[in-house]
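Printed here is coords_6.cif (mmCIF, C-alpha atoms):
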data_final
loop_
_atom_site.label_atom_id
_atom_site.label_comp_id
_atom_site.auth_asym_id
_atom_site.auth_seq_id
_atom_site.Cartn_x
_atom_site.Cartn_y
_atom_site.Cartn_z
CA MET A 1 21.24 -170.43 -61.19
CA ALA A 2 24.64 -172.08 -60.63
CA ASN A 3 26.32 -168.66 -60.42
CA GLN A 4 23.63 -167.38 -58.04
CA THR A 5 24.11 -170.46 -55.84
CA ARG A 6 27.88 -170.03 -55.61
CA GLN A 7 27.48 -166.31 -54.95
CA LEU A 8 24.88 -166.92 -52.24
CA ALA A 9 27.17 -169.41 -50.50
CA GLU A 10 30.00 -166.87 -50.49
CA LEU A 11 27.79 -164.10 -49.13
CA LEU A 12 26.33 -166.28 -46.38
CA ARG A 13 29.85 -167.19 -45.30
CA SER A 14 30.67 -163.48 -45.20
CA GLU A 15 27.90 -163.15 -42.59
CA GLY A 16 29.64 -165.74 -40.41
CA LEU A 17 27.45 -168.72 -41.38
CA THR A 18 28.84 -172.18 -42.08
CA VAL A 19 27.74 -173.29 -45.55
CA SER A 20 28.09 -176.62 -47.33
CA LEU A 21 27.38 -176.59 -51.08
CA ILE A 22 26.04 -179.85 -52.54
CA GLN A 23 26.24 -179.82 -56.32
CA THR A 24 23.97 -181.69 -58.70
CA ASN A 25 26.43 -181.44 -61.60
CA THR A 26 29.68 -182.78 -60.18
CA ASP A 27 32.26 -184.34 -62.52
CA TYR A 28 31.53 -187.90 -63.63
CA ARG A 29 33.58 -190.60 -61.93
CA PRO A 30 34.88 -192.49 -63.81
CA LYS A 31 34.97 -190.00 -66.71
CA TRP A 32 33.94 -192.56 -69.36
CA VAL A 33 30.49 -192.72 -67.75
CA SER A 34 29.71 -189.33 -69.36
CA ARG A 35 29.38 -191.16 -72.70
CA LEU A 36 26.52 -193.35 -71.47
CA PRO A 37 23.06 -191.70 -71.60
CA PHE A 38 20.72 -192.43 -68.64
CA ILE A 39 23.41 -194.42 -66.79
CA ARG A 40 25.44 -191.25 -66.31
CA SER A 41 22.44 -189.68 -64.54
CA LEU A 42 22.57 -192.42 -61.90
CA PHE A 43 26.29 -191.83 -61.39
CA ARG A 44 25.43 -188.27 -60.41
CA LEU A 45 22.16 -188.91 -58.59
CA VAL A 46 23.36 -191.59 -56.17
CA PRO A 47 26.35 -189.60 -54.79
CA TYR A 48 24.12 -186.52 -54.61
CA LEU A 49 21.51 -188.32 -52.50
CA PHE A 50 24.20 -189.80 -50.27
CA ALA A 51 25.76 -186.37 -49.72
CA LEU A 52 22.34 -184.89 -48.93
CA TRP A 53 21.62 -187.51 -46.28
CA GLN A 54 25.06 -187.18 -44.75
CA GLN A 55 25.19 -183.37 -44.70
CA THR A 56 21.59 -182.57 -43.75
CA GLY A 57 21.96 -183.89 -40.23
CA ARG A 58 24.87 -181.50 -39.60
CA PHE A 59 23.13 -178.22 -40.46
CA HIS A 60 20.27 -176.16 -39.08
CA ILE A 61 18.67 -175.22 -42.43
CA MET A 62 18.64 -176.63 -45.94
CA HIS A 63 18.33 -174.11 -48.79
CA VAL A 64 17.24 -175.84 -52.02
CA MET A 65 17.73 -174.07 -55.34
CA ALA A 66 14.90 -175.49 -57.45
CA ASN A 67 13.90 -175.49 -61.10
CA SER A 68 11.19 -177.04 -63.30
CA GLY A 69 10.81 -180.44 -64.92
CA TRP A 70 13.15 -183.33 -64.25
CA SER A 71 15.43 -181.03 -62.26
CA TRP A 72 12.63 -180.72 -59.69
CA HIS A 73 11.82 -184.43 -59.56
CA LEU A 74 15.43 -185.69 -59.51
CA PHE A 75 17.14 -183.10 -57.32
CA ALA A 76 14.81 -180.66 -55.53
CA ALA A 77 12.07 -183.05 -54.37
CA PRO A 78 14.49 -185.66 -52.91
CA ALA A 79 16.32 -182.89 -51.03
CA ILE A 80 13.05 -181.70 -49.48
CA TRP A 81 12.03 -185.19 -48.38
CA ILE A 82 15.47 -185.97 -46.96
CA ALA A 83 15.36 -182.73 -44.95
CA LYS A 84 11.94 -183.75 -43.66
CA LEU A 85 13.25 -187.16 -42.58
CA ARG A 86 16.23 -185.53 -40.86
CA ASN A 87 13.95 -182.99 -39.12
CA THR A 88 15.77 -180.08 -40.76
CA PRO A 89 13.82 -177.00 -41.92
CA VAL A 90 14.07 -176.61 -45.69
CA ILE A 91 13.71 -173.42 -47.72
CA VAL A 92 12.73 -173.98 -51.36
CA ASN A 93 14.17 -171.26 -53.58
CA TYR A 94 12.36 -171.70 -56.91
CA ARG A 95 13.81 -169.95 -59.98
CA GLY A 96 12.46 -171.61 -63.13
CA GLY A 97 10.90 -169.38 -65.77
CA GLU A 98 8.71 -172.27 -66.96
CA ALA A 99 6.95 -172.61 -63.60
CA GLU A 100 3.39 -172.18 -64.89
CA SER A 101 3.53 -174.97 -67.46
CA PHE A 102 5.39 -177.23 -65.03
CA LEU A 103 2.91 -176.67 -62.20
CA SER A 104 0.00 -177.25 -64.56
CA ARG A 105 1.39 -180.71 -65.30
CA SER A 106 2.60 -181.63 -61.81
CA THR A 107 0.41 -179.70 -59.37
CA LYS A 108 -0.42 -182.60 -57.04
CA LEU A 109 3.12 -183.92 -56.78
CA VAL A 110 4.58 -180.46 -56.17
CA ARG A 111 1.95 -179.63 -53.52
CA ILE A 112 2.61 -182.86 -51.62
CA THR A 113 6.34 -182.17 -51.59
CA MET A 114 5.98 -178.48 -50.80
CA ARG A 115 3.98 -179.32 -47.67
CA GLN A 116 7.19 -180.77 -46.25
CA SER A 117 9.05 -177.46 -46.63
CA SER A 118 9.22 -174.54 -44.22
CA ALA A 119 9.00 -171.79 -46.84
CA LEU A 120 8.84 -171.17 -50.58
CA VAL A 121 11.02 -168.31 -51.78
CA VAL A 122 10.85 -166.83 -55.29
CA PRO A 123 12.87 -163.95 -56.76
CA SER A 124 10.07 -161.95 -58.37
CA GLY A 125 6.46 -160.86 -58.20
CA PHE A 126 5.95 -162.74 -61.45
CA LEU A 127 6.74 -166.13 -59.88
CA LYS A 128 4.89 -165.26 -56.69
CA ALA A 129 1.71 -164.72 -58.74
CA VAL A 130 2.27 -167.99 -60.63
CA PHE A 131 2.62 -170.05 -57.45
CA GLU A 132 -0.26 -168.36 -55.70
CA HIS A 133 -2.46 -169.22 -58.70
CA PHE A 134 -1.83 -172.84 -57.69
CA ASP A 135 -2.51 -172.08 -53.99
CA LEU A 136 1.16 -172.18 -53.07
CA PRO A 137 2.08 -169.06 -51.03
CA ALA A 138 5.53 -167.63 -51.70
CA THR A 139 7.84 -164.97 -50.28
CA ILE A 140 9.85 -162.70 -52.57
CA VAL A 141 13.61 -162.63 -52.01
CA PRO A 142 15.19 -161.01 -55.11
CA ASN A 143 18.25 -162.16 -56.99
CA ILE A 144 21.54 -160.64 -55.90
CA VAL A 145 23.87 -158.56 -58.06
CA ASP A 146 27.46 -158.20 -56.92
CA LEU A 147 28.15 -154.53 -57.63
CA SER A 148 31.79 -154.96 -56.67
CA ARG A 149 32.12 -157.24 -59.72
CA PHE A 150 29.48 -155.89 -62.12
CA ASN A 151 29.96 -152.14 -62.45
CA SER A 152 30.90 -149.40 -64.88
CA ALA A 153 33.48 -146.73 -64.21
CA SER A 154 32.41 -144.76 -67.30
CA PRO A 155 28.79 -145.33 -68.40
CA GLN A 156 29.01 -142.75 -71.23
CA ARG A 157 30.10 -144.12 -74.62
CA PRO A 158 30.80 -142.09 -77.81
CA THR A 159 29.20 -144.81 -79.97
CA ARG A 160 27.28 -147.98 -79.21
CA ARG A 161 28.28 -150.64 -81.70
CA HIS A 162 29.21 -153.71 -79.64
CA LEU A 163 26.26 -155.92 -78.64
CA LEU A 164 26.26 -158.69 -76.06
CA VAL A 165 23.98 -161.66 -75.40
CA ALA A 166 24.63 -163.56 -72.15
CA ARG A 167 22.25 -166.52 -72.38
CA ASN A 168 22.88 -170.20 -72.90
CA LEU A 169 22.49 -171.60 -76.41
CA GLU A 170 19.15 -173.30 -75.80
CA PRO A 171 15.79 -172.93 -77.60
CA ILE A 172 14.04 -171.06 -74.77
CA TYR A 173 16.62 -168.25 -74.95
CA ASP A 174 16.07 -167.79 -78.71
CA ASN A 175 19.54 -166.59 -79.64
CA GLU A 176 18.44 -166.98 -83.25
CA THR A 177 16.29 -163.86 -82.93
CA ALA A 178 19.27 -161.90 -81.58
CA ILE A 179 21.42 -162.98 -84.53
CA ARG A 180 18.72 -162.13 -87.07
CA ALA A 181 18.16 -158.75 -85.41
CA PHE A 182 21.89 -158.11 -85.52
CA SER A 183 21.98 -158.91 -89.25
CA VAL A 184 19.55 -156.01 -89.82
CA VAL A 185 21.71 -153.70 -87.68
CA TYR A 186 24.90 -154.85 -89.40
CA LYS A 187 23.62 -153.78 -92.81
CA MET A 188 23.29 -150.21 -91.50
CA HIS A 189 26.35 -150.25 -89.24
CA PRO A 190 29.03 -152.56 -90.70
CA ASP A 191 31.34 -151.70 -87.79
CA ALA A 192 28.89 -153.34 -85.33
CA THR A 193 29.82 -156.58 -83.55
CA LEU A 194 27.93 -159.17 -81.51
CA THR A 195 29.32 -161.40 -78.76
CA ILE A 196 27.28 -164.37 -77.55
CA ALA A 197 28.47 -165.64 -74.17
CA GLY A 198 27.02 -169.05 -73.37
CA SER A 199 27.08 -172.71 -74.27
CA GLY A 200 24.46 -175.28 -75.14
CA PRO A 201 23.01 -177.69 -77.70
CA GLN A 202 22.35 -175.01 -80.34
CA ALA A 203 25.98 -173.92 -80.62
CA GLN A 204 26.54 -175.44 -84.05
CA SER A 205 23.21 -174.42 -85.57
CA LEU A 206 23.62 -170.82 -84.38
CA LEU A 207 27.15 -170.71 -85.79
CA GLU A 208 25.83 -171.95 -89.12
CA LEU A 209 23.06 -169.34 -89.04
CA SER A 210 25.52 -166.49 -88.49
CA GLU A 211 27.67 -167.79 -91.36
CA SER A 212 24.67 -168.08 -93.69
CA LEU A 213 23.80 -164.44 -92.95
CA GLY A 214 27.33 -163.30 -93.75
CA LEU A 215 28.15 -162.42 -90.14
CA SER A 216 31.17 -164.66 -89.56
CA ARG A 217 33.54 -161.76 -88.92
CA ALA A 218 31.08 -159.79 -86.80
CA VAL A 219 29.67 -162.46 -84.46
CA VAL A 220 31.83 -164.02 -81.75
CA PHE A 221 30.76 -167.12 -79.83
CA ALA A 222 32.65 -166.72 -76.56
CA GLY A 223 31.38 -169.90 -74.89
CA ARG A 224 30.62 -170.16 -71.19
CA LEU A 225 32.38 -167.46 -69.16
CA ASP A 226 33.07 -167.43 -65.43
CA ARG A 227 31.83 -164.49 -63.36
CA ASP A 228 34.96 -162.37 -63.70
CA ALA A 229 35.18 -162.92 -67.45
CA MET A 230 31.47 -162.17 -67.74
CA ALA A 231 31.91 -158.90 -65.86
CA GLN A 232 34.68 -157.95 -68.29
CA ALA A 233 32.44 -158.80 -71.24
CA TYR A 234 29.75 -156.44 -69.93
CA ARG A 235 32.28 -153.63 -69.47
CA LYS A 236 33.39 -154.02 -73.09
CA ALA A 237 29.80 -154.10 -74.41
CA ASP A 238 27.63 -151.14 -75.44
CA ILE A 239 24.18 -152.74 -75.55
CA ALA A 240 22.90 -155.95 -73.92
CA LEU A 241 20.28 -158.13 -75.61
CA ASN A 242 17.93 -160.60 -73.93
CA PRO A 243 15.96 -162.46 -76.65
CA SER A 244 14.44 -165.03 -74.27
CA LEU A 245 11.07 -166.70 -74.90
CA VAL A 246 10.60 -167.66 -71.23
CA ASP A 247 12.07 -165.85 -68.27
CA ASN A 248 11.73 -165.23 -64.57
CA MET A 249 14.26 -162.71 -63.22
CA PRO A 250 17.21 -162.93 -65.61
CA ASN A 251 20.41 -162.03 -63.83
CA SER A 252 21.93 -161.19 -67.19
CA VAL A 253 19.58 -158.19 -67.38
CA LEU A 254 20.42 -157.06 -63.83
CA GLU A 255 24.16 -157.47 -64.46
CA ALA A 256 23.88 -155.39 -67.63
CA LEU A 257 22.11 -152.61 -65.72
CA ALA A 258 24.80 -152.73 -63.03
CA SER A 259 27.49 -152.55 -65.73
CA GLY A 260 26.07 -149.31 -67.10
CA ILE A 261 24.86 -150.53 -70.50
CA PRO A 262 21.34 -150.16 -71.91
CA VAL A 263 19.22 -153.28 -72.35
CA VAL A 264 16.93 -154.49 -75.13
CA SER A 265 14.84 -157.42 -73.90
CA THR A 266 11.76 -159.38 -74.85
CA ASN A 267 8.79 -158.54 -72.64
CA VAL A 268 8.22 -162.10 -71.41
CA GLY A 269 7.58 -163.58 -67.97
CA GLY A 270 9.11 -161.68 -65.10
CA VAL A 271 11.20 -159.26 -67.19
CA ARG A 272 8.50 -156.59 -66.86
CA PHE A 273 8.78 -156.87 -63.07
CA ILE A 274 12.43 -155.75 -63.06
CA VAL A 275 12.57 -153.19 -65.89
CA ASN A 276 10.14 -150.63 -67.29
CA ASN A 277 9.87 -150.01 -71.02
CA GLU A 278 11.43 -146.72 -72.11
CA LEU A 279 12.56 -146.01 -68.54
CA THR A 280 15.13 -148.66 -67.60
CA ALA A 281 15.15 -150.78 -70.79
CA LEU A 282 13.55 -151.16 -74.20
CA LEU A 283 11.11 -154.07 -74.36
CA VAL A 284 10.07 -155.84 -77.55
CA PRO A 285 7.81 -158.80 -78.40
CA PRO A 286 9.43 -162.27 -78.43
CA LYS A 287 10.49 -163.86 -81.75
CA SER A 288 10.52 -160.48 -83.47
CA PRO A 289 13.96 -159.75 -84.98
CA GLU A 290 12.63 -156.65 -86.74
CA GLU A 291 11.38 -155.05 -83.51
CA MET A 292 14.58 -155.95 -81.69
CA ALA A 293 16.64 -154.44 -84.50
CA LYS A 294 14.58 -151.22 -84.36
CA ALA A 295 15.20 -150.94 -80.62
CA ILE A 296 18.94 -151.52 -81.06
CA LEU A 297 19.14 -148.87 -83.78
CA ARG A 298 17.28 -146.40 -81.56
CA LEU A 299 19.93 -146.82 -78.87
CA MET A 300 22.73 -146.48 -81.42
CA ASP A 301 21.26 -143.30 -82.90
CA ASP A 302 19.81 -141.63 -79.80
CA SER A 303 22.51 -141.01 -77.21
CA ALA A 304 20.08 -139.17 -74.90
CA LEU A 305 17.81 -142.23 -74.74
CA SER A 306 20.76 -144.55 -74.12
CA GLU A 307 22.09 -142.41 -71.28
CA LYS A 308 18.64 -142.11 -69.72
CA LEU A 309 18.31 -145.91 -69.62
CA VAL A 310 21.83 -146.26 -68.21
CA ILE A 311 21.30 -143.74 -65.40
CA ASN A 312 17.89 -145.17 -64.46
CA GLY A 313 19.22 -148.71 -64.66
CA LEU A 314 22.12 -147.97 -62.32
CA ALA A 315 19.65 -146.58 -59.79
CA GLU A 316 17.20 -149.49 -60.19
CA VAL A 317 19.80 -152.21 -59.67
CA GLN A 318 20.53 -150.93 -56.16
CA LYS A 319 17.45 -152.92 -55.08
CA TYR A 320 19.36 -156.14 -55.70
CA THR A 321 22.43 -155.64 -53.54
CA TRP A 322 23.25 -158.04 -50.70
CA LEU A 323 22.67 -155.17 -48.27
CA ARG A 324 19.01 -155.08 -49.36
CA VAL A 325 18.47 -158.82 -49.88
CA TRP A 326 20.17 -160.32 -46.80
CA PRO A 327 17.64 -158.97 -44.24
CA LEU A 328 14.80 -160.52 -46.27
CA LEU A 329 16.52 -163.91 -46.49
CA ALA A 330 17.59 -163.80 -42.84
CA GLY A 331 13.94 -163.24 -41.91
CA VAL A 332 12.90 -166.36 -43.83
CA TYR A 333 15.65 -168.40 -42.19
CA GLY A 334 14.69 -167.13 -38.74
CA LYS A 335 10.99 -167.98 -39.13
CA ALA A 336 11.77 -171.46 -40.46
CA SER A 337 14.21 -172.21 -37.64
CA HIS A 338 11.86 -170.85 -34.97
CA ALA A 339 8.90 -172.86 -36.29
CA THR A 340 10.97 -176.04 -36.20
CA ARG A 341 12.04 -175.43 -32.59
CA LEU A 342 8.41 -174.98 -31.61
CA GLN A 343 7.43 -178.26 -33.30
CA THR A 344 10.17 -180.17 -31.50
#
This structure in structure tokens:
Amino acid sequence: MANQTRQLAELLRSEGLTVSLIQTNTDYRPKWVSRLPFIRSLFRLVPYLFALWQQTGRFHIMHVMANSGWSWHLFAAPAIWIAKLRNTPVIVNYRGGEAESFLSRSTKLVRITMRQSSALVVPSGFLKAVFEHFDLPATIVPNIVDLSRFNSASPQRPTRRHLLVARNLEPIYDNETAIRAFSVVYKMHPDATLTIAGSGPQAQSLLELSESLGLSRAVVFAGRLDRDAMAQAYRKADIALNPSLVDNMPNSVLEALASGIPVVSTNVGGVRFIVNNELTALLVPPKSPEEMAKAILRLMDDSALSEKLVINGLAEVQKYTWLRVWPLLAGVYGKASHATRLQT
């Protein structure tokens, strides 16, 4: 979501708009505060709220990138209420894959806050259905893929032995399944390699798992990569894996399609809204290393299948260019701004 936010700000500026980006994860000041649990949250929250109040009065629209849980309560909800107090139309752009469980727990609070917004925007039909189940109407504005950055000059590969996972090292992304699936593949193809690009609390446990499976030389933990480094990682990869347990519209899948590499993904959440099994990706059940390994081996052994997925994926990802998405977002902005002028 952070990468999407930065990219959106850049693209809006390219359309001639003035954009101010207010971060929720700025560096701690002083730095030693980062060692103090709970207190460090206040050192981020207070400057964030102050910046919101100060900046909101200067702009015509507030665009809030929202997620589930405490992220909603601490950052998204205050932004919406501040915009309301400053009489500024606010667009809520919700992206959390855990929306259903979150809304089940916090329906009343979310509804009260959402009434203060001008529009709710979600990136997929999956999330639209979730919100409408809770009587919260939403408009679909898809994620954006920068095809100038994520692309493939030569989608055809003689062999497909290098695998890539681009998810953070957190339980909901289930990188353990990807490693266990790779261990099955590695026994049949000892020249295969796996790169995991991401950071998170499971870094050490996942490293220990790969070592216990005898994969130390074949698995690389690349850490968090910036957008340019991530684009390079896709271009070097042959197959992308998405082992997630919960998902909305994973940009990692869209970026893999744009980079001309076939995708093996779990069939959870909104994934089925952006790829079709056997047509633009291979979908497998979550927490099933054996099924994921079978899908990987199919792509390694069946070049015709791999190339079919690549060609179809390159065509499918055209739906997510700025050229396609900007008119949709501009329409939401225009309606919100017009409605506010009528009210005042």
Practice item. Excluding Thr280 of chain A and residues on its chain fewer than 4 positions from it, collect all residues at most 12 Å away from it, counting all atoms listed in the file, and give them as a PyMOL selection string. Key: chain A and resi 253-254+256-258+260-265+271-276+305-317
Check your understanding: Interatomic distance between atom CA of Ser34 of chain A and atom CA of Gly69 of chain A?
Key -> 21.4 Å
Excluding Thr107 of chain A and residues on its chain fewer than 3 positions from it, collect all residues at most 12 Å away from it, counting all atoms listed in the file, and give them as an mmCIF file with C-alpha atoms, keeping the file's coordinate frame.
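Contents of result-v4.cif, as written:
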data_model
loop_
_atom_site.group_PDB
_atom_site.id
_atom_site.type_symbol
_atom_site.label_atom_id
_atom_site.label_comp_id
_atom_site.auth_asym_id
_atom_site.auth_seq_id
_atom_site.Cartn_x
_atom_site.Cartn_y
_atom_site.Cartn_z
ATOM 1 C CA SER A 68 11.190 -177.040 -63.300
ATOM 2 C CA GLY A 69 10.810 -180.440 -64.920
ATOM 3 C CA ALA A 99 6.950 -172.610 -63.600
ATOM 4 C CA GLU A 100 3.390 -172.180 -64.890
ATOM 5 C CA SER A 101 3.530 -174.970 -67.460
ATOM 6 C CA PHE A 102 5.390 -177.230 -65.030
ATOM 7 C CA LEU A 103 2.910 -176.670 -62.200
ATOM 8 C CA SER A 104 0.000 -177.250 -64.560
ATOM 9 C CA VAL A 110 4.580 -180.460 -56.170
ATOM 10 C CA ARG A 111 1.950 -179.630 -53.520
ATOM 11 C CA ILE A 112 2.610 -182.860 -51.620
ATOM 12 C CA THR A 113 6.340 -182.170 -51.590
ATOM 13 C CA MET A 114 5.980 -178.480 -50.800
ATOM 14 C CA VAL A 130 2.270 -167.990 -60.630
ATOM 15 C CA PHE A 131 2.620 -170.050 -57.450
ATOM 16 C CA GLU A 132 -0.260 -168.360 -55.700
ATOM 17 C CA HIS A 133 -2.460 -169.220 -58.700
ATOM 18 C CA PHE A 134 -1.830 -172.840 -57.690
ATOM 19 C CA ASP A 135 -2.510 -172.080 -53.990
ATOM 20 C CA LEU A 136 1.160 -172.180 -53.070
#
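From atom CA of Ile61 of chain A back to atom CA of Gly331 of chain A, the distance works out to 12.9 Å.
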Exercise for review: For the file shown, report as a ChimeraX atom specification the outcome of the PyMOL selection byres ((chain A and resi 209) around 12) at residue level.
Suggested key: /A:175-180,182-183,202-208,210-216,219
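In terms of minimum interatomic distance to Ser41 of chain A, A:Leu74 ranks closest within A:Ala229, A:Ile22, A:Leu74, A:Ala222, counting all atoms listed in the file.
Distance annotation: of A:Gly96, A:Trp326, A:Pro171, A:Asn251, the residue with the minimal separation from Trp70 of chain A is A:Gly96; atom set is all atoms listed in the file.
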Shell of 12 Å around Arg86 of chain A, only C-alpha atoms, local chain residues under 6 positions omitted, as a PDB file with C-alpha atoms, in the frame of the given file:
ATOM      1  CA  LEU A  52      22.340-184.890 -48.930  1.00  0.00           C
ATOM      2  CA  TRP A  53      21.620-187.510 -46.280  1.00  0.00           C
ATOM      3  CA  GLN A  54      25.060-187.180 -44.750  1.00  0.00           C
ATOM      4  CA  GLN A  55      25.190-183.370 -44.700  1.00  0.00           C
ATOM      5  CA  THR A  56      21.590-182.570 -43.750  1.00  0.00           C
ATOM      6  CA  GLY A  57      21.960-183.890 -40.230  1.00  0.00           C
ATOM      7  CA  ARG A  58      24.870-181.500 -39.600  1.00  0.00           C
ATOM      8  CA  PHE A  59      23.130-178.220 -40.460  1.00  0.00           C
ATOM      9  CA  HIS A  60      20.270-176.160 -39.080  1.00  0.00           C
ATOM     10  CA  ILE A  61      18.670-175.220 -42.430  1.00  0.00           C
ATOM     11  CA  MET A  62      18.640-176.630 -45.940  1.00  0.00           C
ATOM     12  CA  ALA A  79      16.320-182.890 -51.030  1.00  0.00           C
ATOM     13  CA  ILE A  80      13.050-181.700 -49.480  1.00  0.00           C
ATOM     14  CA  GLN A 116       7.190-180.770 -46.250  1.00  0.00           C
ATOM     15  CA  THR A 340      10.970-176.040 -36.200  1.00  0.00           C
TER      16      THR A 340
END
Study note, to complete from the structure: Counting only C-alpha atoms, closest pick from A:Arg149, A:Arg227, A:Arg115, A:Arg6 relative to Pro137 of chain A is A:Arg115
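Distances to Ser14 of chain A were evaluated for A:Glu278, A:Thr193, A:Leu323, A:Val64 using only C-alpha atoms, and the minimum falls at A:Leu323.
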Point to revise | Selection under test: the PyMOL selection byres ((chain A and resi 123) around 10); residues as a VMD selection string | key: chain A and resid 93 to 96 121 to 122 124 to 128 138 to 144 248 to 250 270
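Take the candidates A:Ala304, A:Ile172, A:Ile296, A:Ala240 and check each one against Leu279 of chain A using all atoms listed in the file; the shortest distance goes to A:Ala304.
For the set A:Leu12, A:Met300, A:Val19, A:Gln4, the residue with the smallest atom-to-atom gap to Pro327 of chain A is A:Leu12, counting only C-alpha atoms.
As for atom CA of Val90 of chain A and atom CA of Ser117 of chain A, they are spaced 5.2 Å apart.
On the file presented, the PyMOL selection byres ((chain A and resi 160) around 10) picks out Gln156, Arg157, Pro158, Thr159, Arg161, His162, Leu163, Ala192, Thr193, Ala237, Asp238, Ile239, Ile261, Pro262, Ile296, Leu297, Leu299, Met300, Asp301, Asp302, Ser303 and Ser306 of chain A.
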Contact residues around Ala181 of chain A with only C-alpha atoms at 10 Å, ignoring same-chain residues under 6 positions, as a PDB file with C-alpha atoms, in the coordinates of the input:
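Wrote it out as result-v4.pdb, contents follow:
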ATOM      1  CA  ASN A 175      19.540-166.590 -79.640  1.00  0.00           C
ATOM      2  CA  PRO A 243      15.960-162.460 -76.650  1.00  0.00           C
ATOM      3  CA  LYS A 287      10.490-163.860 -81.750  1.00  0.00           C
ATOM      4  CA  SER A 288      10.520-160.480 -83.470  1.00  0.00           C
ATOM      5  CA  PRO A 289      13.960-159.750 -84.980  1.00  0.00           C
ATOM      6  CA  GLU A 290      12.630-156.650 -86.740  1.00  0.00           C
ATOM      7  CA  GLU A 291      11.380-155.050 -83.510  1.00  0.00           C
ATOM      8  CA  MET A 292      14.580-155.950 -81.690  1.00  0.00           C
ATOM      9  CA  ALA A 293      16.640-154.440 -84.500  1.00  0.00           C
ATOM     10  CA  LYS A 294      14.580-151.220 -84.360  1.00  0.00           C
ATOM     11  CA  ALA A 295      15.200-150.940 -80.620  1.00  0.00           C
ATOM     12  CA  ILE A 296      18.940-151.520 -81.060  1.00  0.00           C
TER      13      ILE A 296
END
Near Glu10 of chain A, within 12 Å and counting all atoms listed in the file, which residues show up once chain neighbours fewer than 5 positions away are dropped, as a JSON list (two decimals) with C-alpha atoms, in the coordinates of the input?
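The result, stored in result.json:
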[["chain", "number", "residue", "atom", "x", "y", "z"],
["A", 3, "ASN", "CA", 26.32, -168.66, -60.42],
["A", 4, "GLN", "CA", 23.63, -167.38, -58.04],
["A", 5, "THR", "CA", 24.11, -170.46, -55.84],
["A", 15, "GLU", "CA", 27.90, -163.15, -42.59],
["A", 16, "GLY", "CA", 29.64, -165.74, -40.41],
["A", 17, "LEU", "CA", 27.45, -168.72, -41.38],
["A", 18, "THR", "CA", 28.84, -172.18, -42.08],
["A", 19, "VAL", "CA", 27.74, -173.29, -45.55],
["A", 20, "SER", "CA", 28.09, -176.62, -47.33],
["A", 21, "LEU", "CA", 27.38, -176.59, -51.08],
["A", 144, "ILE", "CA", 21.54, -160.64, -55.90],
["A", 146, "ASP", "CA", 27.46, -158.20, -56.92],
["A", 322, "TRP", "CA", 23.25, -158.04, -50.70]]
